[in-house]
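This report concerns only the one structure given below.
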Amino acid sequence: MHRFDLLVVGDANPDVIIGPLRTDLAFGQREQLADSGVLTLGGSGAITAAGAARLGLKVAFAGRVGDDAGGRFVRDALDERGVDTSALRIDPSLPTPLTTVLTRDGDRAIVTAPGTLAAIGAGDVPPELLAASRHVHSSSCFLLPKLAPSLPGLLRAARGHGATTSVDTNDDPAGRWEVGDLLSETDFLLPNAAEARRLTGAAGAWEAATLLAARGPAVVVKDGAAGAFACRDGELTTTPGIPVTAVDTVGAGDSFNAGFLAGVLAGLPLGTALRCGVVCGGFSVRARGGTAGQATWDDVLVHLERTESDHA
C-alpha cells in the first residue's frame, strides 16, 4: 500500500538569492549593491517536494542536513509546506549545504558549498519509505557523489514496488555528464534544454531528447519561456509557455517538475501533464526564490480549462 504519492531523494539547502547585479562581479574587496536579497528554501529536490505538496500530493523527502541553523531552517521550511521529513537525517559532522545565487540580465551564477551532499547515500532512504511511495524522484545526482553509483539500484527497487521514477540531473560542476545505466531505470528524465544538449553532445535540444529517449526514459525538456516538449516512443509532444512577468527564475524548473509529476500521478495524458508543468514553472517566476510563487492545483485547473476553451 502506497502511503505517499511522491518520494524525493536529493538536495535541500538554504538559498541566498541576490540581484540583479548591474555590473560584472568584482573582487578586490569591492562593495557592490543589488536591488534585493532573499533567504529561502533551496535545492532542486526540496523545491520540487515543496511544489508537489502545494499541489496536494502526499510528499516525503529523504536526504541529509547538518546539525546547524541551516539544517533547522530547511526542515522547518519543508514541514511548513506539508512535506514529511522523517527521512531527512541530521549529519553530526558535516554542515548543511548552502547556495548563493547571483542574478543578472535574466541569467544567474550559482555557488554551492556542498556540506552534507557529499555524504548522502542509498542508506539514507529507508526501504519501507521506498516501498510506500507511488513515485520516486531524484534530483541533482551530479552533486551527490556517494549516492550516484547506487541510484540505478535504488530506482530499480522502487519500480519493483510498483513505483514510477524520474530524474532531474541538474548541472554537472565537473563537466563530465556521465549517467551510466541510470536512464534504464528512469521513467521520466527532466532536463532543461541546455542540460539535454550537454548530456548528449547534440547541437540541438530536440536531437538531444531523441537520443536520450532511445536509452529508455520519456524525456521531458524544459525550455524556459518557450514552454516544454517531450519525446516518448519516438513521438514528440510540445506545449507553449504561459504569459507571465518574470521576477526571478530560480527554481522554475523544479516547480515544473512538481507540476508535471502531479499531472502524471493524476493519470493525465503526457501533453496535459506537460501543460501542468508549464503552468507551475510559470507561476514560480512571479516571486523571488523557488517556493514563494508556487501554484496550487486549483491554479493549474484554471489554466487547463482556459487552454481547452481556447482550443475549442
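Chain labels A, B, ... are given in the sequence in which chains occur in the C-alpha cells; within each chain residues are numbered consecutively from 1, and ligands are likewise numbered from 1 in the order shown.
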Report the closest atom pair, with its distance in Å rounded to one decimal, for each residue of segment 1-64 of chain A that has an atom no farther than 10 Å from segment 164-183 of chain A; count only C-alpha atoms, sort by chain and then rising residue number, and write it as a tab-separated table.
residue	atom	partner	partner_atom	distance
A:Leu6	CA	A:Thr165	CA	9.5
A:Leu7	CA	A:Thr165	CA	9.6
A:Val8	CA	A:Ser166	CA	9.5
A:Val9	CA	A:Val167	CA	9.7
A:Gly10	CA	A:Asp168	CA	9.9
A:Ser44	CA	A:Asn170	CA	7.9
A:Gly45	CA	A:Asp168	CA	8.8
Would you save the residues of that selection, restricted to N, CA, C and O atoms, as a PDB file, in the first residue's frame?
ATOM      1  N   LEU A   6       4.620  10.780  -3.622  1.00  0.00           N
ATOM      2  CA  LEU A   6       5.931  11.151  -4.146  1.00  0.00           C
ATOM      3  C   LEU A   6       6.982  11.106  -3.053  1.00  0.00           C
ATOM      4  O   LEU A   6       6.792  11.676  -1.974  1.00  0.00           O
ATOM      5  N   LEU A   7       8.084  10.432  -3.346  1.00  0.00           N
ATOM      6  CA  LEU A   7       9.282  10.481  -2.509  1.00  0.00           C
ATOM      7  C   LEU A   7      10.359  11.188  -3.316  1.00  0.00           C
ATOM      8  O   LEU A   7      10.675  10.776  -4.436  1.00  0.00           O
ATOM      9  N   VAL A   8      10.927  12.244  -2.748  1.00  0.00           N
ATOM     10  CA  VAL A   8      12.030  12.961  -3.378  1.00  0.00           C
ATOM     11  C   VAL A   8      13.311  12.627  -2.631  1.00  0.00           C
ATOM     12  O   VAL A   8      13.379  12.759  -1.404  1.00  0.00           O
ATOM     13  N   VAL A   9      14.325  12.208  -3.376  1.00  0.00           N
ATOM     14  CA  VAL A   9      15.642  11.904  -2.821  1.00  0.00           C
ATOM     15  C   VAL A   9      16.634  12.892  -3.422  1.00  0.00           C
ATOM     16  O   VAL A   9      16.802  12.935  -4.650  1.00  0.00           O
ATOM     17  N   GLY A  10      17.270  13.702  -2.573  1.00  0.00           N
ATOM     18  CA  GLY A  10      18.205  14.647  -3.172  1.00  0.00           C
ATOM     19  C   GLY A  10      18.627  15.776  -2.272  1.00  0.00           C
ATOM     20  O   GLY A  10      18.830  15.589  -1.074  1.00  0.00           O
ATOM     21  N   SER A  44      17.247  21.657  -5.645  1.00  0.00           N
ATOM     22  CA  SER A  44      16.261  21.199  -6.622  1.00  0.00           C
ATOM     23  C   SER A  44      15.267  20.231  -6.010  1.00  0.00           C
ATOM     24  O   SER A  44      14.059  20.329  -6.242  1.00  0.00           O
ATOM     25  N   GLY A  45      15.754  19.291  -5.212  1.00  0.00           N
ATOM     26  CA  GLY A  45      14.859  18.306  -4.606  1.00  0.00           C
ATOM     27  C   GLY A  45      13.870  18.931  -3.653  1.00  0.00           C
ATOM     28  O   GLY A  45      12.672  18.618  -3.674  1.00  0.00           O
TER      29      GLY A  45
END
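Omitting Ala209 of chain A and its sequence neighbours fewer than 3 positions away, and counting only C-alpha atoms, the residues within 8 Å are A:Ala196, A:Ala205, A:Trp206, A:Leu212, A:Ala213, A:Val219, A:Val220, A:Val221, A:Ala230, A:Cys231.
By chain and then residue number, the residues within 7 Å of segment 241-257 of chain A are A:Ser44, A:Ile47, A:Thr48, A:Gly51, A:Lys222, A:Ala225, A:Ala226, A:Gly227, A:Gly277, A:Val278, A:Val279, A:Cys280, A:Gly281, A:Gly282, A:Ser284, A:Val285, A:Arg286, A:Ala287, A:Arg288, A:Gly289, A:Gly290, A:Gln294, counting only C-alpha atoms and disregarding those fewer than 5 positions away in sequence.
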So that I have them on file, write out the residues from the current selection with N, CA and C atoms, as a PDB file, in the first residue's frame.
ATOM      1  N   SER A  44      17.247  21.657  -5.645  1.00  0.00           N
ATOM      2  CA  SER A  44      16.261  21.199  -6.622  1.00  0.00           C
ATOM      3  C   SER A  44      15.267  20.231  -6.010  1.00  0.00           C
ATOM      4  N   ILE A  47      12.788  22.063  -3.532  1.00  0.00           N
ATOM      5  CA  ILE A  47      11.818  22.911  -4.220  1.00  0.00           C
ATOM      6  C   ILE A  47      10.769  22.055  -4.922  1.00  0.00           C
ATOM      7  N   THR A  48      11.202  20.956  -5.542  1.00  0.00           N
ATOM      8  CA  THR A  48      10.244  20.043  -6.169  1.00  0.00           C
ATOM      9  C   THR A  48       9.287  19.466  -5.139  1.00  0.00           C
ATOM     10  N   GLY A  51       6.819  22.109  -4.001  1.00  0.00           N
ATOM     11  CA  GLY A  51       5.833  22.387  -5.042  1.00  0.00           C
ATOM     12  C   GLY A  51       4.794  21.295  -5.165  1.00  0.00           C
ATOM     13  N   LYS A 222      12.560  21.082 -20.415  1.00  0.00           N
ATOM     14  CA  LYS A 222      12.083  22.410 -20.021  1.00  0.00           C
ATOM     15  C   LYS A 222      12.813  23.458 -20.849  1.00  0.00           C
ATOM     16  N   ALA A 225      10.823  30.225 -21.370  1.00  0.00           N
ATOM     17  CA  ALA A 225       9.608  30.914 -21.784  1.00  0.00           C
ATOM     18  C   ALA A 225       8.945  30.266 -22.986  1.00  0.00           C
ATOM     19  N   ALA A 226       9.708  29.455 -23.733  1.00  0.00           N
ATOM     20  CA  ALA A 226       9.145  28.772 -24.907  1.00  0.00           C
ATOM     21  C   ALA A 226       8.228  27.629 -24.525  1.00  0.00           C
ATOM     22  N   GLY A 227       8.280  27.179 -23.271  1.00  0.00           N
ATOM     23  CA  GLY A 227       7.423  26.084 -22.824  1.00  0.00           C
ATOM     24  C   GLY A 227       8.208  24.821 -22.566  1.00  0.00           C
ATOM     25  N   GLY A 277       3.055  21.171 -15.902  1.00  0.00           N
ATOM     26  CA  GLY A 277       4.406  21.595 -15.566  1.00  0.00           C
ATOM     27  C   GLY A 277       4.676  23.023 -15.972  1.00  0.00           C
ATOM     28  N   VAL A 278       4.251  23.395 -17.177  1.00  0.00           N
ATOM     29  CA  VAL A 278       4.486  24.754 -17.670  1.00  0.00           C
ATOM     30  C   VAL A 278       3.759  25.779 -16.798  1.00  0.00           C
ATOM     31  N   VAL A 279       2.529  25.477 -16.403  1.00  0.00           N
ATOM     32  CA  VAL A 279       1.803  26.385 -15.517  1.00  0.00           C
ATOM     33  C   VAL A 279       2.562  26.569 -14.201  1.00  0.00           C
ATOM     34  N   CYS A 280       3.024  25.484 -13.619  1.00  0.00           N
ATOM     35  CA  CYS A 280       3.719  25.576 -12.328  1.00  0.00           C
ATOM     36  C   CYS A 280       5.057  26.287 -12.460  1.00  0.00           C
ATOM     37  N   GLY A 281       5.776  26.045 -13.552  1.00  0.00           N
ATOM     38  CA  GLY A 281       7.002  26.783 -13.781  1.00  0.00           C
ATOM     39  C   GLY A 281       6.737  28.263 -13.972  1.00  0.00           C
ATOM     40  N   GLY A 282       5.676  28.602 -14.705  1.00  0.00           N
ATOM     41  CA  GLY A 282       5.323  29.996 -14.925  1.00  0.00           C
ATOM     42  C   GLY A 282       4.921  30.712 -13.649  1.00  0.00           C
ATOM     43  N   SER A 284       5.930  30.023 -10.694  1.00  0.00           N
ATOM     44  CA  SER A 284       7.092  30.140  -9.828  1.00  0.00           C
ATOM     45  C   SER A 284       7.876  31.422 -10.061  1.00  0.00           C
ATOM     46  N   VAL A 285       7.966  31.879 -11.305  1.00  0.00           N
ATOM     47  CA  VAL A 285       8.827  33.023 -11.600  1.00  0.00           C
ATOM     48  C   VAL A 285       8.210  34.351 -11.189  1.00  0.00           C
ATOM     49  N   ARG A 286       6.978  34.339 -10.679  1.00  0.00           N
ATOM     50  CA  ARG A 286       6.313  35.584 -10.289  1.00  0.00           C
ATOM     51  C   ARG A 286       6.836  36.144  -8.974  1.00  0.00           C
ATOM     52  N   ALA A 287       7.595  35.356  -8.213  1.00  0.00           N
ATOM     53  CA  ALA A 287       8.083  35.790  -6.902  1.00  0.00           C
ATOM     54  C   ALA A 287       9.537  35.386  -6.743  1.00  0.00           C
ATOM     55  N   ARG A 288      10.239  36.034  -5.843  1.00  0.00           N
ATOM     56  CA  ARG A 288      11.647  35.726  -5.626  1.00  0.00           C
ATOM     57  C   ARG A 288      11.788  34.410  -4.859  1.00  0.00           C
ATOM     58  N   GLY A 289      12.799  33.638  -5.256  1.00  0.00           N
ATOM     59  CA  GLY A 289      13.019  32.338  -4.631  1.00  0.00           C
ATOM     60  C   GLY A 289      12.215  31.262  -5.322  1.00  0.00           C
ATOM     61  N   GLY A 290      12.510  30.007  -4.970  1.00  0.00           N
ATOM     62  CA  GLY A 290      11.912  28.890  -5.677  1.00  0.00           C
ATOM     63  C   GLY A 290      10.539  28.464  -5.214  1.00  0.00           C
ATOM     64  N   GLN A 294       4.779  29.351  -5.862  1.00  0.00           N
ATOM     65  CA  GLN A 294       4.335  28.059  -6.396  1.00  0.00           C
ATOM     66  C   GLN A 294       2.818  27.941  -6.471  1.00  0.00           C
TER      67      GLN A 294
END
Extract the full set of helix (DSSP H, G or I) residues from segment 150-312 of chain A according to DSSP on the backbone, and format it as a ChimeraX atom specification.
/A:150-160,182-185,193-200,205-213,224-226,252-265,270-284,297-311
Can you list, as a ChimeraX atom specification, every protein, DNA or RNA residue that comes within 7 Å of segment 86-96 of chain A when you count only C-alpha atoms, leaving out same-chain residues fewer than 5 positions away?
/A:13,61-68,70-71,115-116,125
Which is closest to Ser139 of chain A among A:Ala258, A:Ser36, A:Gly153, A:Arg198, if we use only C-alpha atoms?
A:Ala258
